[in-house]
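Undergrad: File coords_35.pdb follows (PDB, C-alpha atoms, pLDDT in the B column):
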```
ATOM      1  CA  MET A  15     -34.466  -6.164 -61.979  1.00 90.00           C
ATOM      2  CA  LYS A  16     -36.509  -6.485 -58.798  1.00 90.00           C
ATOM      3  CA  GLU A  17     -34.673  -3.516 -57.262  1.00 94.00           C
ATOM      4  CA  LEU A  18     -34.752  -1.463 -60.462  1.00 95.00           C
ATOM      5  CA  THR A  19     -38.520  -1.891 -60.846  1.00 93.00           C
ATOM      6  CA  LYS A  20     -39.292  -1.052 -57.210  1.00 93.00           C
ATOM      7  CA  PRO A  21     -42.024   1.662 -57.243  1.00 92.00           C
ATOM      8  CA  LEU A  22     -40.799   5.244 -57.069  1.00 92.00           C
ATOM      9  CA  ALA A  23     -41.382   7.176 -53.867  1.00 88.00           C
ATOM     10  CA  ASP A  24     -43.837  10.092 -53.920  1.00 86.00           C
ATOM     11  CA  SER A  25     -40.869  12.481 -53.822  1.00 85.00           C
ATOM     12  CA  GLU A  26     -39.432  10.880 -56.994  1.00 90.00           C
ATOM     13  CA  ILE A  27     -42.614  11.462 -59.000  1.00 90.00           C
ATOM     14  CA  GLU A  28     -43.515  14.861 -60.444  1.00 88.00           C
ATOM     15  CA  LEU A  29     -46.984  16.040 -61.420  1.00 88.00           C
ATOM     16  CA  ARG A  30     -47.735  18.773 -63.929  1.00 88.00           C
ATOM     17  CA  ILE A  31     -50.786  20.218 -65.616  1.00 90.00           C
ATOM     18  CA  GLY A  32     -51.354  18.632 -69.007  1.00 91.00           C
ATOM     19  CA  SER A  33     -54.160  19.740 -71.311  1.00 92.00           C
ATOM     20  CA  ALA A  34     -56.391  22.545 -70.030  1.00 92.00           C
ATOM     21  CA  LYS A  35     -59.756  23.774 -71.253  1.00 93.00           C
ATOM     22  CA  ALA A  36     -61.246  26.882 -69.642  1.00 92.00           C
ATOM     23  CA  PRO A  37     -63.556  27.038 -67.829  1.00 90.00           C
ATOM     24  CA  LYS A  38     -64.054  23.256 -67.517  1.00 93.00           C
ATOM     25  CA  GLY A  39     -60.796  21.991 -66.042  1.00 94.00           C
ATOM     26  CA  PHE A  40     -57.421  20.397 -66.730  1.00 95.00           C
ATOM     27  CA  SER A  41     -55.650  17.063 -66.798  1.00 95.00           C
ATOM     28  CA  VAL A  42     -52.729  16.102 -64.553  1.00 93.00           C
ATOM     29  CA  LEU A  43     -49.760  14.081 -65.802  1.00 91.00           C
ATOM     30  CA  ALA A  44     -47.319  12.065 -63.687  1.00 91.00           C
ATOM     31  CA  TYR A  45     -43.694  11.791 -64.801  1.00 92.00           C
ATOM     32  CA  LYS A  46     -40.140  11.169 -63.590  1.00 92.00           C
ATOM     33  CA  THR A  47     -36.996  13.219 -64.139  1.00 90.00           C
ATOM     34  CA  ALA A  48     -33.673  11.995 -65.503  1.00 91.00           C
ATOM     35  CA  ARG A  49     -32.241  12.551 -62.023  1.00 90.00           C
ATOM     36  CA  THR A  50     -34.572   9.850 -60.705  1.00 93.00           C
ATOM     37  CA  ASP A  51     -33.191   7.324 -63.197  1.00 95.00           C
ATOM     38  CA  ARG A  52     -29.589   8.223 -62.372  1.00 94.00           C
ATOM     39  CA  ASN A  53     -30.208   7.876 -58.641  1.00 93.00           C
ATOM     40  CA  ARG A  54     -31.908   4.488 -59.056  1.00 96.00           C
ATOM     41  CA  LEU A  55     -29.089   3.167 -61.274  1.00 96.00           C
ATOM     42  CA  ASP A  56     -26.449   4.382 -58.795  1.00 95.00           C
ATOM     43  CA  GLU A  57     -28.375   2.828 -55.912  1.00 95.00           C
ATOM     44  CA  VAL A  58     -28.936  -0.571 -57.516  1.00 96.00           C
ATOM     45  CA  ALA A  59     -25.994  -1.099 -59.894  1.00 94.00           C
ATOM     46  CA  GLY A  60     -23.390   1.191 -58.351  1.00 93.00           C
ATOM     47  CA  CYS A  61     -22.049   4.271 -60.115  1.00 90.00           C
ATOM     48  CA  LEU A  62     -19.196   2.301 -61.748  1.00 93.00           C
ATOM     49  CA  ASN A  63     -21.378  -0.548 -63.024  1.00 96.00           C
ATOM     50  CA  TRP A  64     -23.664   1.312 -65.408  1.00 96.00           C
ATOM     51  CA  GLN A  65     -23.184   3.714 -68.292  1.00 96.00           C
ATOM     52  CA  ASN A  66     -25.194   5.426 -70.986  1.00 95.00           C
ATOM     53  CA  LYS A  67     -24.475   6.670 -74.495  1.00 95.00           C
ATOM     54  CA  HIS A  68     -26.419   8.571 -77.156  1.00 94.00           C
ATOM     55  CA  TYR A  69     -26.431   8.392 -80.932  1.00 93.00           C
ATOM     56  CA  ILE A  70     -28.551   9.644 -83.834  1.00 92.00           C
ATOM     57  CA  ASP A  71     -30.382   6.918 -85.781  1.00 91.00           C
ATOM     58  CA  SER A  72     -31.194   6.833 -89.492  1.00 90.00           C
ATOM     59  CA  HIS A  73     -34.438   8.765 -88.878  1.00 88.00           C
ATOM     60  CA  ASN A  74     -32.558  11.588 -87.110  1.00 89.00           C
ATOM     61  CA  ASN A  75     -33.908  10.541 -83.709  1.00 90.00           C
ATOM     62  CA  VAL A  76     -31.810  10.771 -80.551  1.00 92.00           C
ATOM     63  CA  VAL A  77     -31.374   7.284 -79.081  1.00 94.00           C
ATOM     64  CA  CYS A  78     -30.083   6.550 -75.582  1.00 95.00           C
ATOM     65  CA  SER A  79     -28.618   3.196 -74.548  1.00 96.00           C
ATOM     66  CA  ILE A  80     -28.212   2.300 -70.885  1.00 97.00           C
ATOM     67  CA  GLY A  81     -25.812  -0.521 -70.100  1.00 97.00           C
ATOM     68  CA  ILE A  82     -25.478  -2.401 -66.797  1.00 97.00           C
ATOM     69  CA  TRP A  83     -22.518  -4.688 -66.061  1.00 96.00           C
ATOM     70  CA  ASP A  84     -23.511  -8.318 -65.544  1.00 94.00           C
ATOM     71  CA  LYS A  85     -21.030  -9.664 -62.981  1.00 92.00           C
ATOM     72  CA  GLU A  86     -21.876 -13.314 -63.674  1.00 92.00           C
ATOM     73  CA  LYS A  87     -21.630 -13.153 -67.467  1.00 93.00           C
ATOM     74  CA  LYS A  88     -18.915 -10.471 -67.259  1.00 95.00           C
ATOM     75  CA  GLU A  89     -20.468  -8.396 -70.025  1.00 96.00           C
ATOM     76  CA  TRP A  90     -22.553  -5.264 -70.511  1.00 97.00           C
ATOM     77  CA  VAL A  91     -26.312  -5.657 -70.986  1.00 97.00           C
ATOM     78  CA  TRP A  92     -27.917  -2.828 -72.953  1.00 97.00           C
ATOM     79  CA  LYS A  93     -31.446  -1.464 -73.351  1.00 97.00           C
ATOM     80  CA  GLU A  94     -32.317   1.607 -75.420  1.00 96.00           C
ATOM     81  CA  ASP A  95     -35.088   3.899 -76.624  1.00 95.00           C
ATOM     82  CA  THR A  96     -35.604   7.125 -78.583  1.00 93.00           C
ATOM     83  CA  GLY A  97     -36.510  10.528 -77.160  1.00 84.00           C
ATOM     84  CA  ALA A  98     -38.931  13.279 -78.096  1.00 75.00           C
ATOM     85  CA  GLU A  99     -38.113  16.987 -78.264  1.00 59.00           C
ATOM     86  CA  SER A 100     -39.269  19.226 -75.445  1.00 49.00           C
ATOM     87  CA  PHE A 101     -41.091  22.500 -76.107  1.00 42.00           C
ATOM     88  CA  THR A 102     -38.392  24.593 -74.409  1.00 41.00           C
ATOM     89  CA  GLU A 103     -34.998  23.070 -75.223  1.00 45.00           C
ATOM     90  CA  LYS A 104     -35.318  20.799 -78.247  1.00 51.00           C
ATOM     91  CA  GLU A 105     -31.843  19.249 -78.317  1.00 53.00           C
ATOM     92  CA  LYS A 106     -31.357  18.962 -74.556  1.00 56.00           C
ATOM     93  CA  GLY A 107     -34.947  17.738 -74.137  1.00 73.00           C
ATOM     94  CA  SER A 108     -34.578  14.899 -76.624  1.00 85.00           C
ATOM     95  CA  TYR A 109     -31.388  13.660 -74.932  1.00 89.00           C
ATOM     96  CA  SER A 110     -33.009  13.772 -71.494  1.00 89.00           C
ATOM     97  CA  ASP A 111     -36.221  12.150 -72.739  1.00 91.00           C
ATOM     98  CA  SER A 112     -34.372   9.302 -74.473  1.00 93.00           C
ATOM     99  CA  PHE A 113     -32.467   8.632 -71.224  1.00 94.00           C
ATOM    100  CA  LYS A 114     -35.729   8.446 -69.236  1.00 95.00           C
ATOM    101  CA  ARG A 115     -37.333   6.189 -71.840  1.00 95.00           C
ATOM    102  CA  ALA A 116     -34.340   3.876 -71.789  1.00 96.00           C
ATOM    103  CA  GLY A 117     -34.776   3.838 -68.004  1.00 97.00           C
ATOM    104  CA  PHE A 118     -38.340   2.630 -68.544  1.00 97.00           C
ATOM    105  CA  ARG A 119     -36.881  -0.252 -70.568  1.00 97.00           C
ATOM    106  CA  TRP A 120     -35.046  -1.275 -67.390  1.00 97.00           C
ATOM    107  CA  GLY A 121     -38.292  -0.931 -65.431  1.00 96.00           C
ATOM    108  CA  ILE A 122     -37.474   2.323 -63.610  1.00 97.00           C
ATOM    109  CA  GLY A 123     -40.803   4.036 -62.903  1.00 94.00           C
ATOM    110  CA  ILE A 124     -42.673   1.557 -65.096  1.00 93.00           C
ATOM    111  CA  GLU A 125     -45.680   1.833 -62.752  1.00 91.00           C
ATOM    112  CA  LEU A 126     -46.315   5.353 -64.119  1.00 92.00           C
ATOM    113  CA  TYR A 127     -47.884   3.708 -67.165  1.00 90.00           C
ATOM    114  CA  ASP A 128     -50.578   2.264 -64.880  1.00 87.00           C
ATOM    115  CA  PHE A 129     -51.627   5.648 -63.486  1.00 89.00           C
ATOM    116  CA  PRO A 130     -55.220   6.667 -64.343  1.00 88.00           C
ATOM    117  CA  PHE A 131     -56.343   9.538 -66.508  1.00 91.00           C
ATOM    118  CA  ILE A 132     -56.773  12.441 -64.093  1.00 93.00           C
ATOM    119  CA  TRP A 133     -59.152  15.307 -64.878  1.00 95.00           C
ATOM    120  CA  ILE A 134     -59.806  18.082 -62.359  1.00 94.00           C
ATOM    121  CA  GLN A 135     -62.760  20.428 -62.742  1.00 93.00           C
ATOM    122  CA  TRP A 136     -61.593  23.990 -62.094  1.00 90.00           C
ATOM    123  CA  ASP A 137     -63.149  27.461 -62.131  1.00 87.00           C
ATOM    124  CA  LYS A 138     -60.195  29.821 -61.414  1.00 85.00           C
ATOM    125  CA  TRP A 139     -58.369  30.898 -64.565  1.00 88.00           C
ATOM    126  CA  HIS A 140     -56.115  33.683 -65.808  1.00 84.00           C
ATOM    127  CA  LYS A 141     -54.334  34.551 -69.045  1.00 81.00           C
ATOM    128  CA  ASN A 142     -50.573  34.025 -69.327  1.00 76.00           C
ATOM    129  CA  ASN A 143     -48.170  36.271 -71.231  1.00 71.00           C
ATOM    130  CA  SER A 144     -49.259  34.653 -74.511  1.00 77.00           C
ATOM    131  CA  GLY A 145     -52.930  35.365 -73.824  1.00 82.00           C
ATOM    132  CA  LYS A 146     -53.721  31.695 -73.215  1.00 86.00           C
ATOM    133  CA  ASP A 147     -56.173  30.675 -70.484  1.00 89.00           C
ATOM    134  CA  VAL A 148     -54.357  28.738 -67.758  1.00 86.00           C
ATOM    135  CA  PRO A 149     -55.674  27.439 -64.409  1.00 87.00           C
ATOM    136  CA  THR A 150     -54.814  29.541 -61.369  1.00 83.00           C
ATOM    137  CA  VAL A 151     -53.568  26.751 -59.125  1.00 81.00           C
ATOM    138  CA  ASN A 152     -50.463  25.164 -57.650  1.00 76.00           C
ATOM    139  CA  LEU A 153     -50.279  21.399 -57.242  1.00 81.00           C
ATOM    140  CA  GLY A 154     -49.189  21.165 -53.631  1.00 75.00           C
ATOM    141  CA  GLY A 155     -48.494  17.455 -53.208  1.00 79.00           C
ATOM    142  CA  TRP A 156     -49.650  13.912 -53.743  1.00 85.00           C
ATOM    143  CA  TYR A 157     -49.930  10.577 -52.011  1.00 84.00           C
ATOM    144  CA  ILE A 158     -49.692   7.293 -53.909  1.00 85.00           C
ATOM    145  CA  LYS A 159     -50.712   3.854 -52.655  1.00 84.00           C
ATOM    146  CA  TYR A 160     -49.514   0.542 -54.108  1.00 81.00           C
ATOM    147  CA  MET A 161     -50.736  -3.038 -53.950  1.00 77.00           C
ATOM    148  CA  ASN A 162     -48.671  -5.726 -52.205  1.00 75.00           C
ATOM    149  CA  ASP A 163     -47.198  -6.698 -55.571  1.00 75.00           C
ATOM    150  CA  ASN A 164     -46.009  -3.078 -56.025  1.00 74.00           C
ATOM    151  CA  SER A 165     -48.520  -2.347 -58.789  1.00 75.00           C
ATOM    152  CA  TYR A 166     -50.309   0.999 -58.738  1.00 76.00           C
ATOM    153  CA  LYS A 167     -53.577   1.141 -56.823  1.00 79.00           C
ATOM    154  CA  SER A 168     -54.750   4.676 -56.081  1.00 87.00           C
ATOM    155  CA  MET A 169     -53.672   8.219 -55.268  1.00 89.00           C
ATOM    156  CA  ALA A 170     -54.706  11.633 -53.982  1.00 90.00           C
ATOM    157  CA  ILE A 171     -53.656  15.082 -55.254  1.00 90.00           C
ATOM    158  CA  TYR A 172     -53.614  18.164 -53.022  1.00 86.00           C
ATOM    159  CA  ASP A 173     -53.425  21.914 -53.531  1.00 81.00           C
ATOM    160  CA  ASN A 174     -51.043  24.135 -51.551  1.00 70.00           C
ATOM    161  CA  TYR A 175     -53.464  24.237 -48.623  1.00 70.00           C
ATOM    162  CA  GLY A 176     -53.562  20.479 -48.284  1.00 76.00           C
ATOM    163  CA  ASN A 177     -57.088  20.378 -49.716  1.00 81.00           C
ATOM    164  CA  ILE A 178     -57.872  17.303 -51.804  1.00 87.00           C
ATOM    165  CA  MET A 179     -58.218  18.234 -55.478  1.00 89.00           C
ATOM    166  CA  TRP A 180     -58.678  14.687 -56.783  1.00 91.00           C
ATOM    167  CA  ASN A 181     -58.517  11.162 -55.388  1.00 90.00           C
ATOM    168  CA  ASN A 182     -59.637   7.602 -56.069  1.00 89.00           C
ATOM    169  CA  LEU A 183     -58.662   6.144 -52.702  1.00 86.00           C
ATOM    170  CA  ASP A 184     -60.885   3.630 -50.941  1.00 81.00           C
ATOM    171  CA  GLU A 185     -59.962   5.209 -47.606  1.00 79.00           C
ATOM    172  CA  LYS A 186     -59.605   8.688 -46.137  1.00 77.00           C
ATOM    173  CA  PRO A 187     -56.472  10.328 -47.642  1.00 74.00           C
ATOM    174  CA  LYS A 188     -53.730  11.189 -45.191  1.00 70.00           C
ATOM    175  CA  GLU A 189     -53.356  14.865 -44.300  1.00 68.00           C
ATOM    176  CA  ILE A 190     -50.461  16.933 -45.582  1.00 66.00           C
ATOM    177  CA  VAL A 191     -49.099  20.221 -44.315  1.00 59.00           C
ATOM    178  CA  PRO A 192     -49.080  22.981 -46.952  1.00 57.00           C
ATOM    179  CA  LYS A 193     -45.673  24.516 -47.660  1.00 62.00           C
ATOM    180  CA  LEU A 194     -46.524  28.203 -47.988  1.00 65.00           C
ATOM    181  CA  LYS A 195     -44.493  31.238 -47.086  1.00 75.00           C
ATOM    182  CA  PRO A 196     -46.021  33.602 -44.474  1.00 79.00           C
ATOM    183  CA  LEU A 197     -48.687  35.867 -45.953  1.00 78.00           C
ATOM    184  CA  ALA A 198     -46.846  39.037 -44.869  1.00 83.00           C
ATOM    185  CA  GLU A 199     -43.707  37.885 -46.723  1.00 86.00           C
ATOM    186  CA  LEU A 200     -45.687  37.098 -49.870  1.00 85.00           C
ATOM    187  CA  LYS A 201     -47.423  40.496 -49.757  1.00 84.00           C
ATOM    188  CA  GLU A 202     -44.064  42.240 -49.522  1.00 88.00           C
ATOM    189  CA  GLY A 203     -42.765  40.215 -52.454  1.00 89.00           C
ATOM    190  CA  VAL A 204     -45.764  41.173 -54.596  1.00 87.00           C
ATOM    191  CA  LYS A 205     -45.296  44.845 -53.676  1.00 86.00           C
ATOM    192  CA  LYS A 206     -41.618  44.754 -54.762  1.00 89.00           C
ATOM    193  CA  ALA A 207     -42.502  42.907 -57.973  1.00 88.00           C
ATOM    194  CA  PHE A 208     -45.019  45.592 -58.958  1.00 88.00           C
ATOM    195  CA  LYS A 209     -42.363  48.238 -58.339  1.00 88.00           C
ATOM    196  CA  MET A 210     -39.761  46.440 -60.477  1.00 89.00           C
ATOM    197  CA  LEU A 211     -42.238  46.123 -63.344  1.00 87.00           C
ATOM    198  CA  GLU A 212     -43.076  49.849 -63.044  1.00 87.00           C
ATOM    199  CA  TYR A 213     -46.816  49.156 -63.009  1.00 82.00           C
ATOM    200  CA  SER A 214     -49.212  52.019 -62.491  1.00 79.00           C
ATOM    201  CA  GLU A 215     -51.402  52.063 -59.393  1.00 76.00           C
ATOM    202  CA  SER A 216     -54.482  51.303 -61.479  1.00 74.00           C
ATOM    203  CA  ASP A 217     -52.758  48.277 -63.040  1.00 75.00           C
ATOM    204  CA  GLU A 218     -51.795  47.036 -59.578  1.00 76.00           C
ATOM    205  CA  ASN A 219     -55.326  47.414 -58.248  1.00 74.00           C
ATOM    206  CA  LEU A 220     -56.794  45.648 -61.279  1.00 71.00           C
ATOM    207  CA  MET A 221     -54.429  42.697 -60.938  1.00 72.00           C
ATOM    208  CA  ILE A 222     -54.960  42.476 -57.187  1.00 72.00           C
ATOM    209  CA  GLU A 223     -58.711  42.405 -57.728  1.00 68.00           C
ATOM    210  CA  GLU A 224     -58.453  39.854 -60.549  1.00 64.00           C
ATOM    211  CA  TYR A 225     -56.181  37.396 -58.735  1.00 65.00           C
ATOM    212  CA  LEU A 226     -56.936  37.902 -55.071  1.00 66.00           C
ATOM    213  CA  GLY A 227     -60.614  38.873 -54.921  1.00 60.00           C
ATOM    214  CA  ASP A 228     -62.258  39.978 -51.686  1.00 57.00           C
ATOM    215  CA  LYS A 229     -60.492  37.492 -49.396  1.00 58.00           C
ATOM    216  CA  PRO A 230     -56.793  37.354 -50.257  1.00 63.00           C
ATOM    217  CA  ILE A 231     -55.077  34.163 -49.132  1.00 71.00           C
ATOM    218  CA  ALA A 232     -51.488  32.953 -49.175  1.00 73.00           C
ATOM    219  CA  GLU A 233     -51.894  30.645 -52.153  1.00 71.00           C
ATOM    220  CA  ASP A 234     -53.293  33.429 -54.323  1.00 75.00           C
ATOM    221  CA  TYR A 235     -50.437  35.745 -53.351  1.00 80.00           C
ATOM    222  CA  GLU A 236     -47.934  33.001 -54.144  1.00 79.00           C
ATOM    223  CA  ILE A 237     -49.426  32.428 -57.601  1.00 77.00           C
ATOM    224  CA  LEU A 238     -49.532  36.167 -58.344  1.00 80.00           C
ATOM    225  CA  LEU A 239     -45.930  36.592 -57.211  1.00 83.00           C
ATOM    226  CA  LYS A 240     -44.841  33.762 -59.492  1.00 81.00           C
ATOM    227  CA  LYS A 241     -46.646  35.386 -62.432  1.00 79.00           C
ATOM    228  CA  LEU A 242     -45.053  38.786 -61.751  1.00 84.00           C
ATOM    229  CA  ARG A 243     -41.582  37.268 -61.520  1.00 84.00           C
ATOM    230  CA  ASN A 244     -42.084  35.528 -64.858  1.00 82.00           C
ATOM    231  CA  GLU A 245     -43.196  38.828 -66.382  1.00 83.00           C
ATOM    232  CA  TYR A 246     -40.077  40.504 -65.031  1.00 85.00           C
ATOM    233  CA  LYS A 247     -37.835  37.810 -66.545  1.00 84.00           C
ATOM    234  CA  THR A 248     -39.588  38.268 -69.897  1.00 83.00           C
ATOM    235  CA  LYS A 249     -39.141  42.029 -69.645  1.00 82.00           C
ATOM    236  CA  GLN A 250     -35.416  41.669 -68.909  1.00 83.00           C
ATOM    237  CA  ALA A 251     -34.940  39.285 -71.839  1.00 81.00           C
ATOM    238  CA  LYS A 252     -36.604  41.766 -74.234  1.00 80.00           C
ATOM    239  CA  GLU A 253     -34.485  44.640 -72.947  1.00 82.00           C
ATOM    240  CA  LYS A 254     -31.285  42.643 -73.533  1.00 76.00           C
ATOM    241  CA  LYS A 255     -32.305  42.082 -77.176  1.00 69.00           C
TER     242      LYS A 255
END
```
Mind converting the file's structure to structure tokens?
TA:
Amino acid sequence: MKELTKPLADSEIELRIGSAKAPKGFSVLAYKTARTDRNRLDEVAGCLNWQNKHYIDSHNNVVCSIGIWDKEKKEWVWKEDTGAESFTEKEKGSYSDSFKRAGFRWGIGIELYDFPFIWIQWDKWHKNNSGKDVPTVNLGGWYIKYMNDNSYKSMAIYDNYGNIMWNNLDEKPKEIVPKLKPLAELKEGVKKAFKMLEYSESDENLMIEEYLGDKPIAEDYEILLKKLRNEYKTKQAKEKK
């Protein structure tokens, strides 16, 4: 249990934007993926000494049980929990979520429950394909600090430039190097994306002005390119129908 409940590394924790309210700001949620649980179980128990199974309970909920072989008692020890549907893939999401929740029962990533409520004030917004206001930002990275007893203490969240977006550290946060593609490469990607979408020149100019402003920077180009690629995928899906 001591090894299973060892705090997750920064690379094993994912952050995503939670609730958002334009033009005030948005919340940030910390979570783990099912891959993280599998890796921890393989590392601690060994791939042949744990197993999982799913079943549907009387309330039509997907339940996952994770069993670990107890070498001393020579029997399987089980812990289980139910899962919630995801917004994108309901069936697959509930199976994955129940697996992660059962992992919590074994203490994997349990420190995530101690993370604070994170709210970031933000003034750059755009509308997605559904017309909903979403923040124009990429979460670039994070740094998490723990107490000696491995309980959560504090953290810092960065944008793609390495700028601090939020922190509650009692010391100066360590610097991180932003992982951005070269500006020239991003510009070329945006140019090709406009061409694939068959946008008019006026549409291109309007979007460039809206997203990039007077001083275009790599992060803005990266966000715009991501938006254009999503639009192209949506367009292709509609054409197939």
Undergrad: Given only C-alpha atoms as the basis, pick out the residue of A:Glu245, A:Glu218, A:Asp111, A:Glu94 nearest to Lys205 in chain A.
TA: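 That would be A:Glu218, the residue with the smallest distance to Lys205 in chain A.
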Undergrad: List as a ChimeraX atom specification the protein and nucleic acid residues near Leu239 in chain A, meaning an atom at most 8 Å away when all atoms listed in the file are counted, but skip any in the same chain fewer than 4 places from it.
TA: /A:200,203-204,207,235,243
Undergrad: Find the residues near His73 in chain A: any atom within 12 Å, counting only C-alpha atoms, skip ones fewer than 4 places away on the same chain, and give them as a list of chain:residue names.
TA: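 Everything that qualifies: A:Tyr69, A:Val77, A:Thr96.
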Undergrad: What residues have an atom no more than 10 Å from (-56.8, 23.6, -70.5) in the file's own frame, counting all atoms listed in the file, and can you write them as a JSON list (two decimals) with C-alpha atoms, keeping the file's coordinate frame?
TA:
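Final output, saved to point-v5.json:
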```json
[["chain", "number", "residue", "atom", "x", "y", "z"],
["A", 31, "ILE", "CA", -50.79, 20.22, -65.62],
["A", 32, "GLY", "CA", -51.35, 18.63, -69.01],
["A", 33, "SER", "CA", -54.16, 19.74, -71.31],
["A", 34, "ALA", "CA", -56.39, 22.54, -70.03],
["A", 35, "LYS", "CA", -59.76, 23.77, -71.25],
["A", 36, "ALA", "CA", -61.25, 26.88, -69.64],
["A", 37, "PRO", "CA", -63.56, 27.04, -67.83],
["A", 38, "LYS", "CA", -64.05, 23.26, -67.52],
["A", 39, "GLY", "CA", -60.80, 21.99, -66.04],
["A", 40, "PHE", "CA", -57.42, 20.40, -66.73],
["A", 41, "SER", "CA", -55.65, 17.06, -66.80],
["A", 136, "TRP", "CA", -61.59, 23.99, -62.09],
["A", 139, "TRP", "CA", -58.37, 30.90, -64.56],
["A", 146, "LYS", "CA", -53.72, 31.70, -73.22],
["A", 147, "ASP", "CA", -56.17, 30.68, -70.48],
["A", 148, "VAL", "CA", -54.36, 28.74, -67.76],
["A", 149, "PRO", "CA", -55.67, 27.44, -64.41]]
```
Undergrad: Can you pull out every residue within 9 Å of Lys67 in chain A, counting only C-alpha atoms, but drop anything in the same chain fewer than 6 positions away, and send it as an MDAnalysis selection string?
TA: chainID A and resid 77:81 113
Undergrad: As a CSV table (one decimal) with C-alpha atoms, keeping the file's coordinate frame, please: the residues near range 86-91 of chain A (cut-off 12 Å, all atoms listed in the file, same-chain neighbours under 2 positions excluded).
TA:
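New file result.csv:
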```
chain,number,residue,atom,x,y,z
A,59,ALA,CA,-26.0,-1.1,-59.9
A,63,ASN,CA,-21.4,-0.5,-63.0
A,64,TRP,CA,-23.7,1.3,-65.4
A,65,GLN,CA,-23.2,3.7,-68.3
A,66,ASN,CA,-25.2,5.4,-71.0
A,79,SER,CA,-28.6,3.2,-74.5
A,80,ILE,CA,-28.2,2.3,-70.9
A,81,GLY,CA,-25.8,-0.5,-70.1
A,82,ILE,CA,-25.5,-2.4,-66.8
A,83,TRP,CA,-22.5,-4.7,-66.1
A,84,ASP,CA,-23.5,-8.3,-65.5
A,93,LYS,CA,-31.4,-1.5,-73.4
A,94,GLU,CA,-32.3,1.6,-75.4
A,119,ARG,CA,-36.9,-0.3,-70.6
A,120,TRP,CA,-35.0,-1.3,-67.4
```
Undergrad: In Å to one decimal, how far is CA of Pro187 in chain A from CA of Ser165 in chain A?
TA: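 That distance, rounded to one decimal, is 18.7 Å.
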Undergrad: What separation in Å, quoted to one decimal, exists between CA of Ala116 in chain A and CA of Ile171 in chain A?
TA: 27.8 Å
Undergrad: So what do you get for CA of Asn152 in chain A versus CA of Trp133 in chain A, distance-wise?
TA: 15.0 Å
Undergrad: May I have the residues within 8 Å of Asp24 in chain A as a list of chain:residue names, using only C-alpha atoms and disregarding those fewer than 4 positions away in the same chain?
TA: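 Non-adjacent residues within range: A:Trp156, A:Tyr157, A:Ile158.
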Undergrad: Create the file for the chosen residues now, containing C-alpha atoms and written as a short mmCIF file (atom, residue, chain, number, x, y, z; two decimals), in the frame of the given file.
TA:
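After the write, out-v7.cif holds the following:
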```
data_model
loop_
_atom_site.label_atom_id
_atom_site.label_comp_id
_atom_site.auth_asym_id
_atom_site.auth_seq_id
_atom_site.Cartn_x
_atom_site.Cartn_y
_atom_site.Cartn_z
CA TRP A 156 -49.65 13.91 -53.74
CA TYR A 157 -49.93 10.58 -52.01
CA ILE A 158 -49.69 7.29 -53.91
#
```
Undergrad: Go through A:Lys114, A:Lys16, A:Lys201, A:Lys209 one by one, measure the shortest atom-to-atom distance of each to Asp234 in chain A using all atoms listed in the file, and give the residue with the smallest value.
TA: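 The closest residue to Asp234 in chain A is A:Lys201.
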Undergrad: Between A:Ile122, A:Ala48, A:Val42, A:Cys61, which residue has the minimum interatomic distance to Leu18 in chain A, considering all atoms listed in the file?
TA: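 Closest to Leu18 in chain A of all the choices is A:Ile122.
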